[in-house]
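Participant: I'm passing along start09.tsv; it holds TSV, C-alpha atoms.
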```tsv
chain	number	residue	atom	x	y	z
A	1206	MET	CA	195.16	121.33	-77.41
A	1207	LYS	CA	196.50	117.90	-76.85
A	1208	THR	CA	193.04	116.35	-76.47
A	1209	PHE	CA	191.89	118.17	-79.57
A	1210	PHE	CA	194.83	116.80	-81.46
A	1211	LYS	CA	194.12	113.36	-80.10
A	1212	ASN	CA	190.45	113.75	-81.03
A	1213	LYS	CA	191.37	114.94	-84.47
A	1214	GLN	CA	193.58	111.95	-84.98
A	1215	ALA	CA	190.82	109.65	-83.85
A	1216	VAL	CA	188.36	111.31	-86.23
A	1217	THR	CA	190.72	111.00	-89.19
A	1218	ILE	CA	191.27	107.35	-88.39
A	1219	ALA	CA	187.54	106.77	-88.16
A	1220	VAL	CA	186.91	108.61	-91.43
A	1221	MET	CA	189.66	106.69	-93.16
A	1222	ILE	CA	188.28	103.41	-91.93
A	1223	SER	CA	184.77	104.32	-93.01
A	1224	ILE	CA	186.06	105.28	-96.46
A	1225	VAL	CA	187.77	101.92	-96.65
A	1226	ALA	CA	184.55	100.23	-95.57
A	1227	ILE	CA	182.59	102.13	-98.23
A	1228	ILE	CA	185.01	101.18	-100.97
A	1229	LEU	CA	185.17	97.55	-99.90
A	1230	THR	CA	181.44	97.00	-99.54
A	1231	SER	CA	180.56	98.86	-102.71
A	1232	THR	CA	183.08	96.90	-104.78
A	1233	ILE	CA	181.80	93.66	-103.27
A	1234	CYS	CA	178.25	94.69	-104.13
A	1235	ILE	CA	179.21	95.58	-107.70
A	1236	GLN	CA	181.03	92.31	-108.11
A	1237	VAL	CA	178.16	90.26	-106.70
A	1238	LYS	CA	175.73	92.07	-108.94
A	1239	SER	CA	177.90	91.59	-112.02
A	1240	VAL	CA	178.42	87.90	-111.32
A	1241	GLU	CA	174.71	87.40	-110.75
A	1242	GLU	CA	174.00	89.08	-114.04
A	1243	TYR	CA	176.57	87.07	-115.95
A	1244	LYS	CA	175.24	83.84	-114.61
A	1245	LYS	CA	172.11	84.36	-116.64
A	1246	ALA	CA	173.92	86.05	-119.50
A	1247	ASP	CA	174.85	84.58	-122.83
A	1248	ILE	CA	177.93	83.06	-124.40
A	1249	GLU	CA	179.84	86.34	-124.46
A	1250	SER	CA	180.21	86.30	-120.70
A	1251	LEU	CA	181.35	82.68	-120.42
A	1252	ARG	CA	184.93	81.76	-119.73
A	1253	ASP	CA	186.96	79.86	-122.27
A	1254	GLU	CA	186.70	76.57	-120.39
A	1255	GLU	CA	182.97	76.93	-119.98
A	1256	LEU	CA	182.69	77.74	-123.65
A	1257	LYS	CA	184.68	74.66	-124.54
A	1258	ALA	CA	182.57	72.49	-122.28
A	1259	GLN	CA	179.41	73.94	-123.73
A	1260	MET	CA	180.70	73.45	-127.24
A	1261	SER	CA	181.55	69.82	-126.67
A	1262	LEU	CA	178.17	69.36	-125.04
A	1263	TYR	CA	176.47	70.90	-128.03
A	1264	LYS	CA	178.57	68.81	-130.34
A	1265	THR	CA	177.40	65.61	-128.70
A	1266	ARG	CA	173.88	66.93	-128.67
A	1267	TYR	CA	174.20	67.84	-132.31
A	1268	GLU	CA	175.40	64.35	-133.12
A	1269	GLU	CA	172.52	62.87	-131.21
A	1270	ALA	CA	170.12	65.17	-132.97
A	1271	GLN	CA	171.65	64.23	-136.29
A	1272	LYS	CA	171.17	60.56	-135.50
A	1273	GLN	CA	167.62	61.15	-134.48
A	1274	TYR	CA	167.06	63.18	-137.58
A	1275	GLU	CA	168.29	60.32	-139.72
A	1276	ASP	CA	166.11	57.87	-137.83
A	1277	ASN	CA	163.15	60.11	-138.29
A	1278	GLN	CA	163.97	60.53	-141.95
A	1279	ASN	CA	163.96	56.77	-142.36
A	1280	LYS	CA	160.69	56.52	-140.51
A	1281	ILE	CA	159.21	59.18	-142.73
A	1282	LYS	CA	160.36	57.22	-145.73
A	1283	GLU	CA	158.65	54.13	-144.43
A	1284	TYR	CA	155.51	56.04	-143.69
A	1285	LYS	CA	155.60	57.53	-147.14
A	1286	ASP	CA	155.96	54.11	-148.69
A	1287	THR	CA	152.99	52.78	-146.79
A	1288	GLU	CA	151.12	55.94	-147.58
A	1289	ASN	CA	151.83	55.43	-151.24
A	1290	GLU	CA	150.54	51.91	-150.97
A	1291	ASN	CA	147.48	53.15	-149.17
A	1292	GLU	CA	147.01	55.77	-151.81
A	1293	LYS	CA	147.24	53.13	-154.47
A	1294	ALA	CA	144.64	51.09	-152.67
A	1295	ALA	CA	142.50	54.16	-152.19
A	1296	ASN	CA	142.85	54.98	-155.87
A	1297	LEU	CA	141.85	51.47	-156.77
A	1298	ILE	CA	138.83	51.63	-154.50
A	1299	GLU	CA	137.91	55.02	-155.90
A	1300	LYS	CA	138.19	53.69	-159.41
A	1301	GLU	CA	136.00	50.75	-158.52
A	1302	LEU	CA	133.51	53.06	-156.91
A	1303	GLU	CA	133.51	55.23	-160.01
A	1304	GLU	CA	132.94	52.22	-162.21
A	1305	THR	CA	130.17	51.00	-159.95
A	1306	LYS	CA	128.58	54.42	-160.07
A	1307	VAL	CA	128.74	54.42	-163.85
A	1308	LEU	CA	127.18	50.99	-163.95
A	1309	LEU	CA	124.49	52.00	-161.48
A	1310	GLY	CA	123.64	55.09	-163.49
A	1311	LEU	CA	124.67	57.70	-160.95
A	1312	THR	CA	126.94	59.57	-163.34
A	1313	GLU	CA	126.44	61.40	-166.57
A	1314	VAL	CA	127.57	59.20	-169.45
A	1315	LYS	CA	128.39	59.86	-173.07
A	1316	GLY	CA	128.76	57.65	-176.10
A	1317	GLU	CA	127.34	56.51	-179.36
A	1318	GLY	CA	123.77	55.37	-179.43
A	1319	ILE	CA	120.28	56.05	-180.69
A	1320	VAL	CA	117.46	58.45	-179.91
A	1321	VAL	CA	113.96	57.02	-180.26
A	1322	THR	CA	111.08	59.48	-180.37
A	1323	LEU	CA	107.60	58.18	-179.67
A	1324	LYS	CA	104.54	60.31	-180.30
A	1325	ASP	CA	100.91	59.64	-179.61
A	1326	THR	CA	98.76	60.02	-182.69
A	1327	ASP	CA	95.04	60.72	-183.04
A	1328	MET	CA	94.52	57.02	-183.58
A	1329	ALA	CA	96.37	55.59	-180.63
A	1330	THR	CA	98.39	56.36	-177.50
A	1331	TYR	CA	101.41	54.68	-176.01
A	1332	TRP	CA	100.92	52.51	-172.97
A	1333	ALA	CA	103.37	51.68	-170.32
A	1334	LYS	CA	103.76	48.20	-171.66
A	1335	ASP	CA	104.95	49.66	-174.97
A	1336	ILE	CA	107.62	51.62	-173.19
A	1337	ARG	CA	108.58	48.55	-171.14
A	1338	ASN	CA	108.73	46.61	-174.34
A	1339	LEU	CA	111.05	49.17	-175.84
A	1340	MET	CA	113.26	49.14	-172.75
A	1341	ASN	CA	113.46	45.40	-172.95
A	1342	GLU	CA	114.31	45.43	-176.63
A	1343	LEU	CA	116.99	48.07	-176.08
A	1344	LYS	CA	118.49	46.08	-173.22
A	1345	TYR	CA	118.36	42.97	-175.31
A	1346	ALA	CA	120.24	44.85	-178.03
A	1347	GLY	CA	122.94	45.71	-175.53
A	1348	ALA	CA	122.02	49.25	-174.43
A	1349	GLU	CA	124.22	50.26	-171.55
A	1350	ALA	CA	122.39	53.38	-170.44
A	1351	ILE	CA	118.81	54.46	-171.16
A	1352	SER	CA	116.79	57.53	-170.31
A	1353	ILE	CA	113.22	58.59	-170.99
A	1354	ASN	CA	112.58	62.33	-171.23
A	1355	GLY	CA	115.71	62.97	-169.22
A	1356	ASN	CA	114.91	60.36	-166.56
A	1357	ARG	CA	117.62	57.80	-166.23
A	1358	ILE	CA	116.45	54.21	-166.24
A	1359	ILE	CA	118.23	52.20	-163.57
A	1360	ASN	CA	117.72	48.66	-162.42
A	1361	MET	CA	115.10	49.71	-159.84
A	1362	THR	CA	113.05	51.82	-162.26
A	1363	ASP	CA	109.42	50.87	-162.64
A	1364	ILE	CA	107.24	52.00	-165.51
A	1365	VAL	CA	103.49	51.93	-164.92
A	1366	GLU	CA	100.57	53.87	-166.23
A	1367	ILE	CA	98.15	55.91	-164.19
A	1368	ALA	CA	95.83	57.14	-166.91
A	1369	GLU	CA	95.58	57.24	-170.60
A	1370	GLY	CA	98.38	59.34	-171.89
A	1371	TYR	CA	100.27	59.49	-168.58
A	1372	ILE	CA	102.97	57.16	-167.61
A	1373	LEU	CA	104.53	57.03	-164.17
A	1374	ILE	CA	108.11	56.17	-163.50
A	1375	TYR	CA	109.92	55.86	-160.17
A	1376	GLY	CA	106.48	55.86	-158.60
A	1377	ASN	CA	106.07	59.62	-158.73
A	1378	THR	CA	107.38	61.11	-161.97
A	1379	ARG	CA	104.80	61.62	-164.68
A	1380	ILE	CA	105.81	61.66	-168.27
A	1381	LYS	CA	103.69	62.05	-171.37
A	1382	SER	CA	103.96	62.06	-175.13
A	1383	PRO	CA	106.22	62.80	-176.89
A	1384	TYR	CA	108.66	60.38	-175.31
A	1385	THR	CA	112.33	60.82	-176.14
A	1386	ILE	CA	114.25	57.71	-175.31
A	1387	LYS	CA	118.02	57.86	-175.44
A	1388	ALA	CA	120.11	54.74	-175.34
A	1389	ILE	CA	123.87	54.26	-175.43
A	1390	GLY	CA	125.12	51.13	-177.05
A	1391	ASP	CA	126.13	49.69	-180.38
A	1392	THR	CA	124.15	51.83	-182.85
A	1393	THR	CA	123.83	49.24	-185.57
A	1394	TYR	CA	122.75	46.57	-183.13
A	1395	LEU	CA	120.22	48.85	-181.51
A	1396	THR	CA	118.70	50.11	-184.76
A	1397	SER	CA	118.63	46.71	-186.39
A	1398	THR	CA	116.94	45.18	-183.36
A	1399	LEU	CA	114.27	47.88	-183.35
A	1400	ASN	CA	113.83	47.79	-187.10
A	1401	MET	CA	113.35	44.03	-187.41
A	1402	LYS	CA	110.75	43.18	-190.01
A	1403	ASN	CA	107.23	42.61	-188.64
A	1404	THR	CA	108.33	41.70	-185.11
A	1405	GLY	CA	110.58	44.68	-184.47
A	1406	PHE	CA	109.40	47.47	-182.18
A	1407	VAL	CA	109.12	50.05	-184.96
A	1408	ASP	CA	107.03	47.83	-187.21
A	1409	VAL	CA	104.72	46.74	-184.41
A	1410	MET	CA	104.08	50.29	-183.25
A	1411	GLU	CA	103.61	51.65	-186.71
A	1412	SER	CA	101.15	48.90	-187.47
A	1413	ASN	CA	99.24	50.08	-184.36
A	1414	GLY	CA	99.10	53.54	-185.90
A	1415	LEU	CA	101.75	55.14	-183.65
A	1416	ASP	CA	104.58	57.42	-184.58
A	1417	VAL	CA	108.13	56.12	-184.12
A	1418	THR	CA	111.40	57.68	-185.25
A	1419	VAL	CA	114.82	56.24	-184.64
A	1420	GLU	CA	117.90	58.41	-185.02
A	1421	GLN	CA	121.49	57.29	-184.76
A	1422	SER	CA	123.97	59.57	-183.06
A	1423	LYS	CA	127.67	59.43	-182.45
A	1424	ASN	CA	127.50	61.47	-179.31
A	1425	ILE	CA	124.68	61.03	-176.85
A	1426	THR	CA	124.70	62.40	-173.33
A	1427	ILE	CA	122.59	60.64	-170.75
A	1428	GLU	CA	121.82	62.36	-167.48
A	1429	PRO	CA	122.53	60.72	-164.13
A	1430	TYR	CA	119.88	59.24	-161.86
A	1431	THR	CA	118.82	62.03	-159.55
A	1432	LYS	CA	115.63	60.83	-157.88
A	1433	GLY	CA	116.94	60.26	-154.41
A	1434	GLU	CA	118.88	57.40	-152.95
A	1435	ILE	CA	118.69	53.85	-154.09
A	1436	GLU	CA	117.60	51.96	-151.03
A	1437	SER	CA	117.30	48.34	-150.18
A	1438	LYS	CA	115.26	47.32	-147.18
A	1439	TYR	CA	114.95	43.59	-147.43
A	1440	MET	CA	117.93	42.26	-149.29
A	1441	LYS	CA	121.16	41.77	-147.48
A	1442	GLU	CA	124.53	40.52	-148.56
A	1443	ASP	CA	125.05	36.85	-147.94
A	1444	GLU	CA	128.04	36.93	-145.67
A	1445	GLN	CA	128.60	33.19	-145.65
A	1446	LYS	CA	130.08	33.33	-149.08
B	298	MET	CA	183.03	105.56	-82.28
B	299	THR	CA	185.11	103.76	-84.87
B	300	LEU	CA	182.57	100.96	-84.95
B	301	ILE	CA	179.77	103.39	-85.77
B	302	PHE	CA	181.85	104.84	-88.58
B	303	ILE	CA	182.50	101.36	-89.95
B	304	ILE	CA	178.83	100.42	-89.87
B	305	VAL	CA	177.80	103.70	-91.52
B	306	GLY	CA	180.51	103.15	-94.12
B	307	CYS	CA	179.28	99.63	-94.83
B	308	VAL	CA	175.67	100.79	-95.26
B	309	LEU	CA	176.75	103.65	-97.52
B	310	GLY	CA	178.93	101.24	-99.49
B	311	VAL	CA	176.05	98.79	-100.05
B	312	GLY	CA	173.82	101.61	-101.24
B	313	LEU	CA	176.50	102.95	-103.54
B	314	GLY	CA	177.21	99.48	-104.88
B	315	PHE	CA	173.60	99.00	-105.84
B	316	LEU	CA	173.48	102.40	-107.51
B	317	ILE	CA	176.55	101.84	-109.65
B	318	PRO	CA	175.77	99.84	-112.84
B	319	THR	CA	177.34	96.42	-113.36
B	320	LEU	CA	180.76	96.15	-114.93
B	321	PRO	CA	181.57	94.23	-118.10
B	322	TYR	CA	182.57	90.63	-117.50
B	323	SER	CA	186.19	91.13	-118.55
B	324	MET	CA	186.55	93.53	-115.61
B	325	SER	CA	185.07	91.20	-113.01
B	326	ASN	CA	188.27	89.11	-112.81
B	327	TYR	CA	190.27	92.15	-111.74
B	328	LEU	CA	187.64	93.37	-109.36
B	329	ALA	CA	187.43	89.97	-107.68
B	330	ILE	CA	191.17	89.85	-107.04
B	331	ALA	CA	191.11	93.43	-105.78
B	332	ILE	CA	188.32	92.53	-103.36
B	333	VAL	CA	190.30	89.57	-102.05
B	334	ALA	CA	193.37	91.79	-101.57
B	335	ALA	CA	191.30	94.43	-99.76
B	336	LEU	CA	189.67	91.85	-97.51
B	337	ASP	CA	193.13	90.50	-96.68
B	338	THR	CA	194.26	93.96	-95.68
B	339	VAL	CA	191.14	94.50	-93.56
B	340	PHE	CA	191.66	91.28	-91.65
B	341	GLY	CA	195.34	92.14	-91.34
B	342	GLY	CA	194.35	95.48	-89.87
B	343	ILE	CA	192.05	93.87	-87.33
B	344	ALA	CA	194.75	91.39	-86.35
B	345	SER	CA	197.35	94.12	-85.93
B	346	ASN	CA	194.86	96.11	-83.88
B	347	ILE	CA	194.59	93.16	-81.57
B	348	LYS	CA	198.37	92.92	-81.39
B	349	LYS	CA	198.40	96.64	-80.56
B	350	ASN	CA	200.71	97.54	-83.43
B	351	PHE	CA	198.07	98.95	-85.77
B	352	ASP	CA	199.39	101.67	-88.04
B	353	MET	CA	196.94	103.72	-90.05
B	354	LYS	CA	199.43	104.47	-92.81
B	355	VAL	CA	200.32	100.83	-93.25
B	356	PHE	CA	196.68	99.90	-93.26
B	357	ILE	CA	195.59	102.46	-95.86
B	358	SER	CA	198.60	101.94	-98.09
B	359	GLY	CA	198.16	98.17	-97.83
B	360	PHE	CA	194.51	98.46	-98.70
B	361	PHE	CA	195.03	100.39	-101.93
B	362	VAL	CA	198.45	99.23	-103.03
B	363	ASN	CA	197.67	95.57	-102.49
B	364	ALA	CA	194.47	95.86	-104.49
B	365	ILE	CA	196.16	97.74	-107.33
B	366	LEU	CA	199.10	95.37	-107.36
B	367	ALA	CA	196.80	92.40	-107.44
B	368	ILE	CA	194.96	93.92	-110.41
B	369	LEU	CA	198.24	94.66	-112.21
B	370	LEU	CA	199.51	91.15	-111.56
B	371	THR	CA	196.31	89.65	-112.91
B	372	TYR	CA	196.58	91.84	-115.99
B	373	LEU	CA	200.18	90.78	-116.49
B	374	GLY	CA	199.20	87.15	-116.04
B	375	GLN	CA	196.53	87.47	-118.65
B	376	LYS	CA	199.02	89.05	-121.06
B	377	LEU	CA	201.57	86.30	-120.41
B	378	ASN	CA	198.91	83.56	-120.40
B	379	VAL	CA	199.88	82.54	-116.85
B	380	ASP	CA	197.28	82.42	-114.11
B	381	ILE	CA	199.19	84.70	-111.75
B	382	TYR	CA	195.98	85.68	-110.00
B	383	LEU	CA	195.86	82.15	-108.59
B	384	ALA	CA	199.15	82.79	-106.75
B	385	ALA	CA	197.81	86.09	-105.49
B	386	ILE	CA	194.64	84.43	-104.26
B	387	VAL	CA	196.60	81.68	-102.53
B	388	VAL	CA	198.77	84.22	-100.74
B	389	PHE	CA	195.91	86.52	-99.79
B	390	ILE	CA	193.61	83.77	-98.60
B	391	GLY	CA	196.45	82.12	-96.67
B	392	ARG	CA	197.19	85.36	-94.91
B	393	MET	CA	193.51	85.91	-94.30
B	394	PHE	CA	193.29	82.57	-92.50
B	395	ASN	CA	196.39	83.43	-90.51
B	396	ASN	CA	194.89	86.71	-89.38
B	397	LEU	CA	191.53	85.10	-88.71
B	398	GLY	CA	193.34	82.59	-86.53
B	399	ILE	CA	194.94	85.40	-84.53
B	400	ILE	CA	191.56	87.11	-84.12
B	401	ARG	CA	189.91	83.86	-83.10
B	402	ARG	CA	192.55	83.05	-80.53
B	403	TYR	CA	192.34	86.56	-79.05
B	404	TYR	CA	188.60	86.36	-78.53
B	405	LEU	CA	188.82	82.80	-77.22
B	406	ASN	CA	191.35	84.00	-74.66
B	407	LYS	CA	189.08	86.85	-73.72
B	408	LEU	CA	186.12	84.53	-73.25
B	409	THR	CA	188.01	81.99	-71.15
B	410	LYS	CA	189.49	84.79	-68.98
B	411	LYS	CA	186.02	86.17	-68.36
B	412	LYS	CA	184.85	82.77	-67.20
B	413	ASP	CA	187.74	82.48	-64.80
```
Before anything else, please render the file you have as structure tokens.

Facilitator:
Amino acid sequence: MKTFFKNKQAVTIAVMISIVAIILTSTICIQVKSVEEYKKADIESLRDEELKAQMSLYKTRYEEAQKQYEDNQNKIKEYKDTENENEKAANLIEKELEETKVLLGLTEVKGEGIVVTLKDTDMATYWAKDIRNLMNELKYAGAEAISINGNRIINMTDIVEIAEGYILIYGNTRIKSPYTIKAIGDTTYLTSTLNMKNTGFVDVMESNGLDVTVEQSKNITIEPYTKGEIESKYMKEDEQK
Amino acid sequence: MTLIFIIVGCVLGVGLGFLIPTLPYSMSNYLAIAIVAALDTVFGGIASNIKKNFDMKVFISGFFVNAILAILLTYLGQKLNVDIYLAAIVVFIGRMFNNLGIIRRYYLNKLTKKKD
């Protein structure tokens, strides 16, 4: 009986101690787990001091960021200024290019001018030299843009004949009567030059028995040059100048 | 036999601790102080066992009452805006070192006696 009692006491002590051990270790585990979790957790789990420290840190960071932002803003301003300048330059270059294109005959142009219609008659046909003559006269009279049957005449254009009644321009484009020549320029100048008594183009051609009509127009459209690129093989810019 | 019970209890406690979900952060302050109080009592128990005046009732009551008192004191401190839990920690840890010193000296004595 006594040993049993003693045993019983020992068992209760052991059980008590084990219960204590369970409670202690489990609470320690919970605590460790919680702390681990809160270490990664957000602002809500931070202590006041930590929050304050973080806030002051963010404040300084914010100020730094603000400074940097201002710096960047200034830089952007500078870049924008230079960009504007560049854009101006680019615009200028583009304008020049456009003007050059217009002068070269690569764009469609409009303006006042005259339309000359040449027709072969039963008595005679037009030759290339007649057309060249007309071109020359028109240019002399200040024509700024000329086209024959929709083919723009540029500075490289050649006009030759291959057979009676056929005239070749640009080396491969055949044209034939009737020829419609459009020219933009001062209308009165152009017409008066062509209509000069005896020596003018109209008089000369009519005396040869050919048909010439000259019309004035306030609004002529001349097509752009479309026959491929304008190339130069031999001439080069003199760079010494 | 007691040792086996303690080890089993520790293993069970670890398992239980991992099963129970984490507590909100506001609770962790209280739990920490309770753990410190409990640890103090455990070391006190070991020390008193060495001194041969271990009393189960004192041990158990110390374990729970100390922990609860520590929690209550911390709560009061938080309400009064005084860090009372610091005082509790100082006392508990100081006592823990005392008891650890007793335990250390006991085992040192044992070792040196064995050598002799």

Participant: I need the chain B residues near chain A as a ChimeraX atom specification; criterion: at most 12 Å, counting all atoms listed in the file.

Facilitator: /B:298-339,342-343,351-354,356-361,364

Participant: Tell me, in Å to one decimal, how far atom CA of A:Ala1346 is from atom CA of A:Ala1333.

Facilitator: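 According to the coordinates, atom CA of A:Ala1346 and atom CA of A:Ala1333 are separated by 19.8 Å.
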
Participant: State, in Å with one decimal place, the distance from atom CA of A:Glu1428 to atom CA of A:Asn1400.

Facilitator: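 Atom-to-atom, atom CA of A:Glu1428 to atom CA of A:Asn1400, that is 25.7 Å.
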
Participant: List as a PDB file with C-alpha atoms, in the coordinates of the input: which residues have an atom within 8 Å of (198.0, 87.9, -111.1), counting only C-alpha atoms?

Facilitator:
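New file out_4.pdb:
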```
ATOM      1  CA  ALA B 367     196.800  92.400-107.440  1.00  0.00           C
ATOM      2  CA  ILE B 368     194.960  93.920-110.410  1.00  0.00           C
ATOM      3  CA  LEU B 369     198.240  94.660-112.210  1.00  0.00           C
ATOM      4  CA  LEU B 370     199.510  91.150-111.560  1.00  0.00           C
ATOM      5  CA  THR B 371     196.310  89.650-112.910  1.00  0.00           C
ATOM      6  CA  TYR B 372     196.580  91.840-115.990  1.00  0.00           C
ATOM      7  CA  LEU B 373     200.180  90.780-116.490  1.00  0.00           C
ATOM      8  CA  GLY B 374     199.200  87.150-116.040  1.00  0.00           C
ATOM      9  CA  GLN B 375     196.530  87.470-118.650  1.00  0.00           C
ATOM     10  CA  ASP B 380     197.280  82.420-114.110  1.00  0.00           C
ATOM     11  CA  ILE B 381     199.190  84.700-111.750  1.00  0.00           C
ATOM     12  CA  TYR B 382     195.980  85.680-110.000  1.00  0.00           C
ATOM     13  CA  LEU B 383     195.860  82.150-108.590  1.00  0.00           C
ATOM     14  CA  ALA B 384     199.150  82.790-106.750  1.00  0.00           C
ATOM     15  CA  ALA B 385     197.810  86.090-105.490  1.00  0.00           C
TER      16      ALA B 385
END
```

Participant: Report the distance between atom CA of A:Lys1280 and atom CA of A:Leu1297 in Å, rounded to one decimal place.

Facilitator: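 Interatomic distance, atom CA of A:Lys1280 to atom CA of A:Leu1297: 25.4 Å.
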
Participant: Edge lengths and centre in Å to one decimal, as lines of an AutoDock Vina configuration file, is what I'm after for the box along x, y and z that holds all listed atoms of stretch 363-372 of chain B once 8 Å is added on each side.

Facilitator:
```
center_x = 197.0
center_y = 93.7
center_z = -109.2
size_x = 21.0
size_y = 24.1
size_z = 29.5
```

Participant: Could you name the residues that touch A:Val1409 at 12 Å or less, counting all atoms listed in the file, but leaving out those on the same chain fewer than 6 positions away, as a ChimeraX atom specification?

Facilitator: /A:1335,1338-1339,1399-1403,1415-1417

Participant: Got time to write the residues from that selection, C-alpha atoms, as a tab-separated table (two decimals), in the frame of the given file?

Facilitator:
```tsv
chain	number	residue	atom	x	y	z
A	1335	ASP	CA	104.95	49.66	-174.97
A	1338	ASN	CA	108.73	46.61	-174.34
A	1339	LEU	CA	111.05	49.17	-175.84
A	1399	LEU	CA	114.27	47.88	-183.35
A	1400	ASN	CA	113.83	47.79	-187.10
A	1401	MET	CA	113.35	44.03	-187.41
A	1402	LYS	CA	110.75	43.18	-190.01
A	1403	ASN	CA	107.23	42.61	-188.64
A	1415	LEU	CA	101.75	55.14	-183.65
A	1416	ASP	CA	104.58	57.42	-184.58
A	1417	VAL	CA	108.13	56.12	-184.12
```

Participant: Give me the residues near A:Lys1432 as a list of chain:residue names, where near means some atom within 10 Å (using all atoms listed in the file) and where sequence neighbours in that chain fewer than 6 positions away do not count.

Facilitator: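 Residues meeting the cut-off are A:Asn1356, A:Arg1357, A:Tyr1375, A:Asn1377, A:Thr1378.
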
Participant: Need the neighbours of (116.8, 51.7, -163.9): which residues are at most 9 Å away, counting all atoms listed in the file, as a VMD selection string?

Facilitator: chain A and resid 1309 to 1310 1350 to 1352 1357 to 1363 1375 1430

Participant: Let's have the selection written as a PDB file, keeping the file's coordinate frame, with C-alpha atoms.

Facilitator:
```pdb
ATOM      1  CA  LEU A1309     124.490  52.000-161.480  1.00  0.00           C
ATOM      2  CA  GLY A1310     123.640  55.090-163.490  1.00  0.00           C
ATOM      3  CA  ALA A1350     122.390  53.380-170.440  1.00  0.00           C
ATOM      4  CA  ILE A1351     118.810  54.460-171.160  1.00  0.00           C
ATOM      5  CA  SER A1352     116.790  57.530-170.310  1.00  0.00           C
ATOM      6  CA  ARG A1357     117.620  57.800-166.230  1.00  0.00           C
ATOM      7  CA  ILE A1358     116.450  54.210-166.240  1.00  0.00           C
ATOM      8  CA  ILE A1359     118.230  52.200-163.570  1.00  0.00           C
ATOM      9  CA  ASN A1360     117.720  48.660-162.420  1.00  0.00           C
ATOM     10  CA  MET A1361     115.100  49.710-159.840  1.00  0.00           C
ATOM     11  CA  THR A1362     113.050  51.820-162.260  1.00  0.00           C
ATOM     12  CA  ASP A1363     109.420  50.870-162.640  1.00  0.00           C
ATOM     13  CA  TYR A1375     109.920  55.860-160.170  1.00  0.00           C
ATOM     14  CA  TYR A1430     119.880  59.240-161.860  1.00  0.00           C
TER      15      TYR A1430
END
```

Participant: Excluding A:Val1321 and its own-chain neighbours fewer than 3 positions away, which residues fall within 6 Å of it when counting all atoms listed in the file? Please give them as a ChimeraX atom specification.

Facilitator: /A:1385-1386,1418-1419
